[in-house]
file start-v3.pdb (PDB, C-alpha atoms)
ATOM      1  CA  MET A   1       0.000   0.000   0.000
ATOM      2  CA  THR A   2       1.451   3.360  -1.017
ATOM      3  CA  THR A   3       1.983   6.306   1.297
ATOM      4  CA  SER A   4      -0.441   8.446  -0.731
ATOM      5  CA  LEU A   5      -3.196   5.832  -0.354
ATOM      6  CA  LEU A   6      -2.665   5.694   3.416
ATOM      7  CA  ASN A   7      -2.837   9.462   3.571
ATOM      8  CA  ARG A   8      -6.135   9.515   1.674
ATOM      9  CA  ARG A   9      -7.634   6.899   4.011
ATOM     10  CA  THR A  10      -6.437   8.801   7.065
ATOM     11  CA  MET A  11      -8.010  12.010   5.763
ATOM     12  CA  LEU A  12     -11.291  10.198   5.042
ATOM     13  CA  LEU A  13     -11.431   8.680   8.546
ATOM     14  CA  GLY A  14     -10.659  12.065  10.043
ATOM     15  CA  ALA A  15     -13.491  13.696   8.104
ATOM     16  CA  THR A  16     -15.916  10.968   9.198
ATOM     17  CA  SER A  17     -14.936  11.424  12.837
ATOM     18  CA  THR A  18     -15.400  15.166  12.540
ATOM     19  CA  LEU A  19     -18.887  14.745  11.090
ATOM     20  CA  GLY A  20     -19.811  12.382  13.918
ATOM     21  CA  GLY A  21     -18.501  14.895  16.415
ATOM     22  CA  CYS A  22     -20.563  17.672  14.833
ATOM     23  CA  SER A  23     -23.711  15.541  15.112
ATOM     24  CA  ALA A  24     -23.012  14.824  18.770
ATOM     25  CA  VAL A  25     -22.379  18.489  19.535
ATOM     26  CA  SER A  26     -25.567  19.464  17.657
ATOM     27  CA  ALA A  27     -27.578  16.945  19.682
ATOM     28  CA  LEU A  28     -26.114  18.270  22.927
ATOM     29  CA  ASN A  29     -26.913  21.838  21.937
ATOM     30  CA  SER A  30     -30.511  20.867  21.148
ATOM     31  CA  ALA A  31     -30.838  19.091  24.494
ATOM     32  CA  ALA A  32     -29.549  22.189  26.265
ATOM     33  CA  GLU A  33     -32.156  24.481  24.704
ATOM     34  CA  PRO A  34     -34.703  25.584  27.327
ATOM     35  CA  VAL A  35     -38.189  24.077  27.121
ATOM     36  CA  ASN A  36     -41.140  26.132  28.330
ATOM     37  CA  THR A  37     -42.342  24.659  31.625
ATOM     38  CA  TYR A  38     -45.918  25.037  32.849
ATOM     39  CA  ASP A  39     -47.474  24.559  36.278
ATOM     40  CA  LEU A  40     -51.090  24.153  37.348
ATOM     41  CA  THR A  41     -52.876  25.720  40.323
ATOM     42  CA  ALA A  42     -54.773  23.950  43.100
ATOM     43  CA  VAL A  43     -58.395  25.004  43.666
ATOM     44  CA  SER A  44     -59.958  24.028  46.995
ATOM     45  CA  GLY A  45     -63.439  22.727  47.568
ATOM     46  CA  SER A  46     -66.064  24.325  49.777
ATOM     47  CA  LEU A  47     -65.057  25.690  53.182
ATOM     48  CA  ASP A  48     -68.533  24.809  54.466
ATOM     49  CA  GLY A  49     -69.958  21.356  55.026
ATOM     50  CA  ARG A  50     -69.064  18.150  56.838
ATOM     51  CA  ARG A  51     -65.873  18.325  58.888
ATOM     52  CA  THR A  52     -63.826  15.392  60.113
ATOM     53  CA  SER A  53     -60.709  14.798  62.188
ATOM     54  CA  ARG A  54     -59.866  11.737  60.105
ATOM     55  CA  THR A  55     -56.589  11.230  58.246
ATOM     56  CA  LEU A  56     -56.556  10.881  54.458
ATOM     57  CA  LEU A  57     -53.535   9.878  52.397
ATOM     58  CA  VAL A  58     -53.506  10.322  48.611
ATOM     59  CA  VAL A  59     -51.676   7.659  46.582
ATOM     60  CA  ARG A  60     -49.566   8.731  43.611
ATOM     61  CA  PRO A  61     -51.978   8.425  40.667
ATOM     62  CA  ASP A  62     -51.890   5.371  38.453
ATOM     63  CA  ALA A  63     -51.475   6.214  34.764
ATOM     64  CA  SER A  64     -50.358   4.604  31.526
ATOM     65  CA  ALA A  65     -46.799   5.228  30.368
ATOM     66  CA  VAL A  66     -47.890   7.741  27.723
ATOM     67  CA  ILE A  67     -49.540   9.896  30.423
ATOM     68  CA  ALA A  68     -47.018   9.358  33.240
ATOM     69  CA  THR A  69     -44.521  11.882  31.885
ATOM     70  CA  ASP A  70     -43.813  15.596  32.127
ATOM     71  CA  ARG A  71     -44.765  16.074  28.468
ATOM     72  CA  ILE A  72     -48.142  17.508  27.408
ATOM     73  CA  MET A  73     -49.811  14.656  25.553
ATOM     74  CA  VAL A  74     -51.584  15.116  22.213
ATOM     75  CA  LYS A  75     -53.772  12.543  20.416
ATOM     76  CA  PRO A  76     -53.953  13.323  16.687
ATOM     77  CA  ASP A  77     -56.366  10.370  16.340
ATOM     78  CA  ALA A  78     -57.616   7.421  18.363
ATOM     79  CA  GLN A  79     -54.513   5.296  17.698
ATOM     80  CA  SER A  80     -51.725   7.897  17.750
ATOM     81  CA  VAL A  81     -49.935   9.675  20.564
ATOM     82  CA  THR A  82     -47.512  12.578  20.378
ATOM     83  CA  TYR A  83     -46.526  15.484  22.615
ATOM     84  CA  LEU A  84     -46.725  19.244  22.437
ATOM     85  CA  PRO A  85     -43.322  20.460  21.202
ATOM     86  CA  ASP A  86     -41.210  22.814  23.329
ATOM     87  CA  ALA A  87     -43.531  22.481  26.348
ATOM     88  CA  ARG A  88     -43.698  20.350  29.462
ATOM     89  CA  TRP A  89     -45.332  20.165  32.888
ATOM     90  CA  SER A  90     -43.391  21.258  35.972
ATOM     91  CA  ASP A  91     -43.273  17.609  37.123
ATOM     92  CA  GLU A  92     -44.342  14.213  35.872
ATOM     93  CA  LEU A  93     -48.120  14.414  35.595
ATOM     94  CA  PRO A  94     -48.965  11.832  38.321
ATOM     95  CA  ALA A  95     -46.804  13.682  40.869
ATOM     96  CA  LEU A  96     -48.141  17.063  39.729
ATOM     97  CA  PHE A  97     -51.765  15.974  40.029
ATOM     98  CA  GLN A  98     -51.198  14.276  43.388
ATOM     99  CA  SER A  99     -49.867  17.587  44.737
ATOM    100  CA  LEU A 100     -52.796  19.534  43.240
ATOM    101  CA  LEU A 101     -55.364  17.205  44.785
ATOM    102  CA  ILE A 102     -53.742  17.235  48.229
ATOM    103  CA  ARG A 103     -53.571  21.043  48.287
ATOM    104  CA  SER A 104     -57.150  21.301  47.045
ATOM    105  CA  ILE A 105     -58.469  18.979  49.781
ATOM    106  CA  SER A 106     -56.324  20.659  52.444
ATOM    107  CA  GLY A 107     -57.595  24.054  51.329
ATOM    108  CA  THR A 108     -61.117  23.195  52.481
ATOM    109  CA  GLY A 109     -59.952  23.160  56.119
ATOM    110  CA  ARG A 110     -62.490  20.404  56.709
ATOM    111  CA  ILE A 111     -60.235  17.397  57.305
ATOM    112  CA  GLY A 112     -57.836  16.520  60.114
ATOM    113  CA  TYR A 113     -54.870  15.640  57.910
ATOM    114  CA  VAL A 114     -54.281  15.039  54.208
ATOM    115  CA  GLY A 115     -50.951  14.156  52.639
ATOM    116  CA  ARG A 116     -49.022  11.833  50.380
ATOM    117  CA  SER A 117     -49.209   8.099  50.944
ATOM    118  CA  GLU A 118     -45.402   7.945  50.639
ATOM    119  CA  SER A 119     -45.114   9.609  54.064
ATOM    120  CA  GLY A 120     -47.378  10.634  56.909
ATOM    121  CA  PRO A 121     -49.364   9.062  59.749
ATOM    122  CA  VAL A 122     -51.360   5.847  59.575
ATOM    123  CA  PRO A 123     -54.451   6.837  57.572
ATOM    124  CA  ASP A 124     -58.092   6.224  58.194
ATOM    125  CA  THR A 125     -58.752   6.443  54.467
ATOM    126  CA  VAL A 126     -56.542   6.023  51.418
ATOM    127  CA  LEU A 127     -57.520   7.826  48.218
ATOM    128  CA  LEU A 128     -56.633   5.906  45.066
ATOM    129  CA  VAL A 129     -56.363   7.990  41.903
ATOM    130  CA  ARG A 130     -56.389   6.803  38.297
ATOM    131  CA  LEU A 131     -55.566   9.167  35.436
ATOM    132  CA  ASP A 132     -57.432   7.814  32.420
ATOM    133  CA  ALA A 133     -57.044  10.939  30.280
ATOM    134  CA  PHE A 134     -55.181  14.218  30.578
ATOM    135  CA  ASN A 135     -54.457  15.223  27.027
ATOM    136  CA  ILE A 136     -55.343  17.227  23.941
ATOM    137  CA  GLU A 137     -57.493  15.587  21.262
ATOM    138  CA  VAL A 138     -57.139  16.951  17.736
ATOM    139  CA  MET A 139     -60.671  17.230  16.399
ATOM    140  CA  SER A 140     -59.719  18.961  13.119
ATOM    141  CA  ASP A 141     -56.983  21.185  11.710
ATOM    142  CA  THR A 142     -58.308  24.082  13.772
ATOM    143  CA  ALA A 143     -60.167  22.389  16.656
ATOM    144  CA  PHE A 144     -58.445  21.061  19.792
ATOM    145  CA  ASP A 145     -60.142  19.642  22.900
ATOM    146  CA  ALA A 146     -58.519  19.424  26.336
ATOM    147  CA  VAL A 147     -59.726  16.198  27.974
ATOM    148  CA  ILE A 148     -59.471  15.141  31.627
ATOM    149  CA  ASP A 149     -60.855  11.846  32.956
ATOM    150  CA  ILE A 150     -59.946  10.819  36.513
ATOM    151  CA  ALA A 151     -61.305   8.088  38.793
ATOM    152  CA  LEU A 152     -61.115   8.393  42.598
ATOM    153  CA  THR A 153     -61.565   5.479  44.982
ATOM    154  CA  ALA A 154     -61.898   5.846  48.762
ATOM    155  CA  LEU A 155     -60.344   2.834  50.515
ATOM    156  CA  ASN A 156     -60.765   1.965  54.196
ATOM    157  CA  ASP A 157     -57.169   1.470  55.319
ATOM    158  CA  ARG A 158     -58.038  -0.789  58.261
ATOM    159  CA  ASP A 159     -59.562  -3.632  56.253
ATOM    160  CA  GLN A 160     -58.676  -2.497  52.705
ATOM    161  CA  THR A 161     -62.318  -2.432  51.623
ATOM    162  CA  VAL A 162     -63.519  -0.034  48.961
ATOM    163  CA  ARG A 163     -65.987   2.516  50.274
ATOM    164  CA  THR A 164     -66.912   4.180  47.019
ATOM    165  CA  THR A 165     -65.600   5.130  43.594
ATOM    166  CA  ARG A 166     -66.426   8.032  41.320
ATOM    167  CA  SER A 167     -65.230   9.278  37.942
ATOM    168  CA  PHE A 168     -64.663  12.960  37.189
ATOM    169  CA  ALA A 169     -64.474  13.846  33.504
ATOM    170  CA  ARG A 170     -64.637  17.038  31.471
ATOM    171  CA  ARG A 171     -63.596  18.302  28.057
ATOM    172  CA  MET A 172     -63.239  21.826  26.710
ATOM    173  CA  ARG A 173     -62.377  23.337  23.338
ATOM    174  CA  ALA A 174     -59.064  25.232  23.346
ATOM    175  CA  PRO A 175     -59.057  28.455  21.282
ATOM    176  CA  ASP A 176     -55.850  27.368  19.516
ATOM    177  CA  ASN A 177     -52.897  24.993  19.883
ATOM    178  CA  GLN A 178     -50.383  27.378  21.454
ATOM    179  CA  PRO A 179     -48.923  25.868  24.667
ATOM    180  CA  VAL A 180     -49.931  28.792  26.892
ATOM    181  CA  VAL A 181     -53.521  28.539  25.596
ATOM    182  CA  ILE A 182     -53.568  24.748  26.003
ATOM    183  CA  VAL A 183     -52.369  25.018  29.614
ATOM    184  CA  ALA A 184     -54.934  27.739  30.381
ATOM    185  CA  THR A 185     -57.659  25.420  29.061
ATOM    186  CA  PHE A 186     -56.484  22.580  31.310
ATOM    187  CA  GLN A 187     -56.498  25.004  34.248
ATOM    188  CA  GLU A 188     -60.058  26.049  33.448
ATOM    189  CA  LEU A 189     -61.114  22.396  33.499
ATOM    190  CA  LEU A 190     -59.370  21.879  36.852
ATOM    191  CA  ASP A 191     -61.027  24.999  38.261
ATOM    192  CA  ASP A 192     -64.266  23.084  37.771
ATOM    193  CA  LEU A 193     -63.095  19.566  38.667
ATOM    194  CA  LEU A 194     -60.838  20.046  41.702
ATOM    195  CA  PRO A 195     -63.510  21.569  43.989
ATOM    196  CA  ASP A 196     -65.840  18.656  43.203
ATOM    197  CA  MET A 197     -63.051  16.153  43.846
ATOM    198  CA  SER A 198     -62.082  17.869  47.098
ATOM    199  CA  ASN A 199     -65.650  17.906  48.427
ATOM    200  CA  TRP A 200     -66.136  14.276  47.462
ATOM    201  CA  ALA A 201     -62.857  13.249  49.135
ATOM    202  CA  VAL A 202     -63.755  14.995  52.400
ATOM    203  CA  GLN A 203     -67.252  13.497  52.438
ATOM    204  CA  ASN A 204     -65.833  10.002  51.963
ATOM    205  CA  ALA A 205     -62.739  10.254  54.175
TER
END

call {"tool": "encode", "arguments": {"input": "start-v3.pdb", "output": "C-alpha cells"}}
result
Amino acid sequence: MTTSLLNRRTMLLGATSTLGGCSAVSALNSAAEPVNTYDLTAVSGSLDGRRTSRTLLVVRPDASAVIATDRIMVKPDAQSVTYLPDARWSDELPALFQSLLIRSISGTGRIGYVGRSESGPVPDTVLLVRLDAFNIEVMSDTAFDAVIDIALTALNDRDQTVRTTRSFARRMRAPDNQPVVIVATFQELLDDLLPDMSNWAVQNA
C-alpha cells in the first residue's frame, strides 16, 4: 500500500470522525435548549360542610406510560400519541396531580390531615387515583379539545375495603394549539373539577 493511499484513508477517517462529532455536539446543543415549563394551580373545595378529624392519604396516581410523563400529551387520532413540542409540565403528571389534589383537599380546612401516601401518619382512608385521560385531542386542523378523565376510589385502610368510587371527567375546546392557551384550558377544566373532587374526598374520608 502506497503512502499516498494511506494518507487519503487517514483524511477520510478524520473527516468521518469530525462529522460524527458535529452531530453529537448538535444533539447536545438541542438538548440544552430551554423548554417552556408550565405549572397548574390547586383550587380548593367548599369551606362549608361536613368536617372530620380523620386522616386521608392520597396515593400517587396510576397512569399509563404515555400519560405518566412531564410532556403535554396530544392525540392526533384514536390510535396515535404525540406530545406538544417545546412544552412540558413542571413535574411528571402523576406527581403534579397528586400535589394539586392534596392542596385542594387541604384548602377546604375540613379534614384533620391530608398528605401523600409515601409519608405521613397511619391513615383512616386512602384515596386511590387513576388518570385515564389528561391530554389534547385533535378534532380537526383548527379544533383542539382538552380532555381530563380521573377516577377516585376511597379505601378503608383498616380492612382495605372499597368505600366508594367516582369518575370525574370534562372536556373543553381550546381556542388554539399554542402551549400557553392549552395550559390555560387545562387550568379552566381543573377549576371546575378540583372543587368537586375535594368535596367528594372529604365526604368520603

call {"tool": "resolve_selection", "arguments": {"input": "start-v3.pdb", "expression": "the PyMOL selection byres ((chain A and resi 121-125) around 8)", "output": "ChimeraX atom specification"}}
result
/A:54-57,119-120,126-127,154-158,205

call {"tool": "atom_distance", "arguments": {"input": "start-v3.pdb", "atom1": "atom CA of A:Ile102", "atom2": "atom CA of A:Val35"}}
result
27.1 Å

call {"tool": "residues_around", "arguments": {"input": "start-v3.pdb", "residues": "stretch 164-170 of chain A", "least_positions_apart": "4", "cutoff": "12 Å", "atoms": "all atoms listed in the file", "output": "VMD selection string"}}
result
chain A and resid 125 to 136 145 to 156 185 to 198 200 to 201 203 to 205

call {"tool": "closest_residue", "arguments": {"input": "start-v3.pdb", "among": "A:Thr161, A:Met139, A:Gly45, A:Leu93", "to": "A:Asn177", "atoms": "all atoms listed in the file"}}
result
A:Met139

call {"tool": "resolve_selection", "arguments": {"input": "start-v3.pdb", "expression": "the PyMOL selection byres ((chain A and resi 138) around 8)", "output": "NGL selection string"}}
result
:A and (74-77 or 136-137 or 139-141 or 143-145)

call {"tool": "write_last_selection", "arguments": {"input": "start-v3.pdb", "atoms": "C-alpha atoms", "output": "CSV table (one decimal), in the coordinates of the input"}}
result
chain,number,residue,atom,x,y,z
A,74,VAL,CA,-51.6,15.1,22.2
A,75,LYS,CA,-53.8,12.5,20.4
A,76,PRO,CA,-54.0,13.3,16.7
A,77,ASP,CA,-56.4,10.4,16.3
A,136,ILE,CA,-55.3,17.2,23.9
A,137,GLU,CA,-57.5,15.6,21.3
A,139,MET,CA,-60.7,17.2,16.4
A,140,SER,CA,-59.7,19.0,13.1
A,141,ASP,CA,-57.0,21.2,11.7
A,143,ALA,CA,-60.2,22.4,16.7
A,144,PHE,CA,-58.4,21.1,19.8
A,145,ASP,CA,-60.1,19.6,22.9

call {"tool": "closest_residue", "arguments": {"input": "start-v3.pdb", "among": "A:Leu100, A:Ser106, A:Thr82, A:Ile72", "to": "A:Gln178", "atoms": "only C-alpha atoms"}}
result
A:Ile72

call {"tool": "atom_distance", "arguments": {"input": "start-v3.pdb", "atom1": "atom CA of A:Tyr113", "atom2": "atom CA of A:Leu101"}}
result
13.2 Å

call {"tool": "atom_distance", "arguments": {"input": "start-v3.pdb", "atom1": "atom CA of A:Asp91", "atom2": "atom CA of A:Asp62"}}
result
15.0 Å

call {"tool": "closest_residue", "arguments": {"input": "start-v3.pdb", "among": "A:Asn199, A:Ser117, A:Thr37, A:Gln79", "to": "A:Ala95", "atoms": "only C-alpha atoms"}}
result
A:Ser117

call {"tool": "closest_residue", "arguments": {"input": "start-v3.pdb", "among": "A:Arg60, A:Val180, A:Arg116, A:Arg110", "to": "A:Ala87", "atoms": "only C-alpha atoms"}}
result
A:Val180

call {"tool": "build_atoms", "arguments": {"input": "start-v3.pdb", "residues": "stretch 126-147 of chain A", "atoms": "N, CA and C atoms", "output": "mmCIF file, keeping the file's coordinate frame"}}
result
data_model
loop_
_atom_site.group_PDB
_atom_site.id
_atom_site.type_symbol
_atom_site.label_atom_id
_atom_site.label_comp_id
_atom_site.auth_asym_id
_atom_site.auth_seq_id
_atom_site.Cartn_x
_atom_site.Cartn_y
_atom_site.Cartn_z
ATOM 1 N N VAL A 126 -57.516 5.844 52.499
ATOM 2 C CA VAL A 126 -56.542 6.023 51.418
ATOM 3 C C VAL A 126 -57.319 6.376 50.157
ATOM 4 N N LEU A 127 -56.855 7.413 49.458
ATOM 5 C CA LEU A 127 -57.520 7.826 48.218
ATOM 6 C C LEU A 127 -56.693 7.342 47.030
ATOM 7 N N LEU A 128 -57.274 6.406 46.283
ATOM 8 C CA LEU A 128 -56.633 5.906 45.066
ATOM 9 C C LEU A 128 -57.057 6.796 43.903
ATOM 10 N N VAL A 129 -56.110 7.085 43.026
ATOM 11 C CA VAL A 129 -56.363 7.990 41.903
ATOM 12 C C VAL A 129 -55.910 7.317 40.610
ATOM 13 N N ARG A 130 -56.759 7.361 39.603
ATOM 14 C CA ARG A 130 -56.389 6.803 38.297
ATOM 15 C C ARG A 130 -56.584 7.878 37.235
ATOM 16 N N LEU A 131 -55.501 8.193 36.529
ATOM 17 C CA LEU A 131 -55.566 9.167 35.436
ATOM 18 C C LEU A 131 -55.842 8.419 34.137
ATOM 19 N N ASP A 132 -57.072 8.490 33.665
ATOM 20 C CA ASP A 132 -57.432 7.814 32.420
ATOM 21 C C ASP A 132 -57.195 8.699 31.202
ATOM 22 N N ALA A 133 -57.300 10.010 31.390
ATOM 23 C CA ALA A 133 -57.044 10.939 30.280
ATOM 24 C C ALA A 133 -56.622 12.291 30.854
ATOM 25 N N PHE A 134 -55.620 12.861 30.242
ATOM 26 C CA PHE A 134 -55.181 14.218 30.578
ATOM 27 C C PHE A 134 -54.387 14.676 29.360
ATOM 28 N N ASN A 135 -55.113 15.006 28.306
ATOM 29 C CA ASN A 135 -54.457 15.223 27.027
ATOM 30 C C ASN A 135 -55.273 16.144 26.127
ATOM 31 N N ILE A 136 -54.672 16.471 24.992
ATOM 32 C CA ILE A 136 -55.343 17.227 23.941
ATOM 33 C C ILE A 136 -55.776 16.247 22.853
ATOM 34 N N GLU A 137 -57.014 16.363 22.405
ATOM 35 C CA GLU A 137 -57.493 15.587 21.262
ATOM 36 C C GLU A 137 -57.642 16.533 20.073
ATOM 37 N N VAL A 138 -57.036 16.148 18.955
ATOM 38 C CA VAL A 138 -57.139 16.951 17.736
ATOM 39 C C VAL A 138 -58.432 16.563 17.030
ATOM 40 N N MET A 139 -59.373 17.495 16.998
ATOM 41 C CA MET A 139 -60.671 17.230 16.399
ATOM 42 C C MET A 139 -60.679 17.561 14.907
ATOM 43 N N SER A 140 -59.885 18.570 14.519
ATOM 44 C CA SER A 140 -59.719 18.961 13.119
ATOM 45 C C SER A 140 -58.461 19.816 13.037
ATOM 46 N N ASP A 141 -58.181 20.356 11.861
ATOM 47 C CA ASP A 141 -56.983 21.185 11.710
ATOM 48 C C ASP A 141 -57.020 22.430 12.586
ATOM 49 N N THR A 142 -58.185 22.847 12.991
ATOM 50 C CA THR A 142 -58.308 24.082 13.772
ATOM 51 C C THR A 142 -59.067 23.888 15.080
ATOM 52 N N ALA A 143 -59.387 22.650 15.443
ATOM 53 C CA ALA A 143 -60.167 22.389 16.656
ATOM 54 C C ALA A 143 -59.408 21.427 17.573
ATOM 55 N N PHE A 144 -59.221 21.838 18.828
ATOM 56 C CA PHE A 144 -58.445 21.061 19.792
ATOM 57 C C PHE A 144 -59.187 21.021 21.128
ATOM 58 N N ASP A 145 -59.426 19.806 21.635
ATOM 59 C CA ASP A 145 -60.142 19.642 22.900
ATOM 60 C C ASP A 145 -59.175 19.206 24.001
ATOM 61 N N ALA A 146 -59.214 19.893 25.144
ATOM 62 C CA ALA A 146 -58.519 19.424 26.336
ATOM 63 C C ALA A 146 -59.446 18.438 27.042
ATOM 64 N N VAL A 147 -58.907 17.269 27.391
ATOM 65 C CA VAL A 147 -59.726 16.198 27.974
ATOM 66 C C VAL A 147 -59.101 15.733 29.285
#
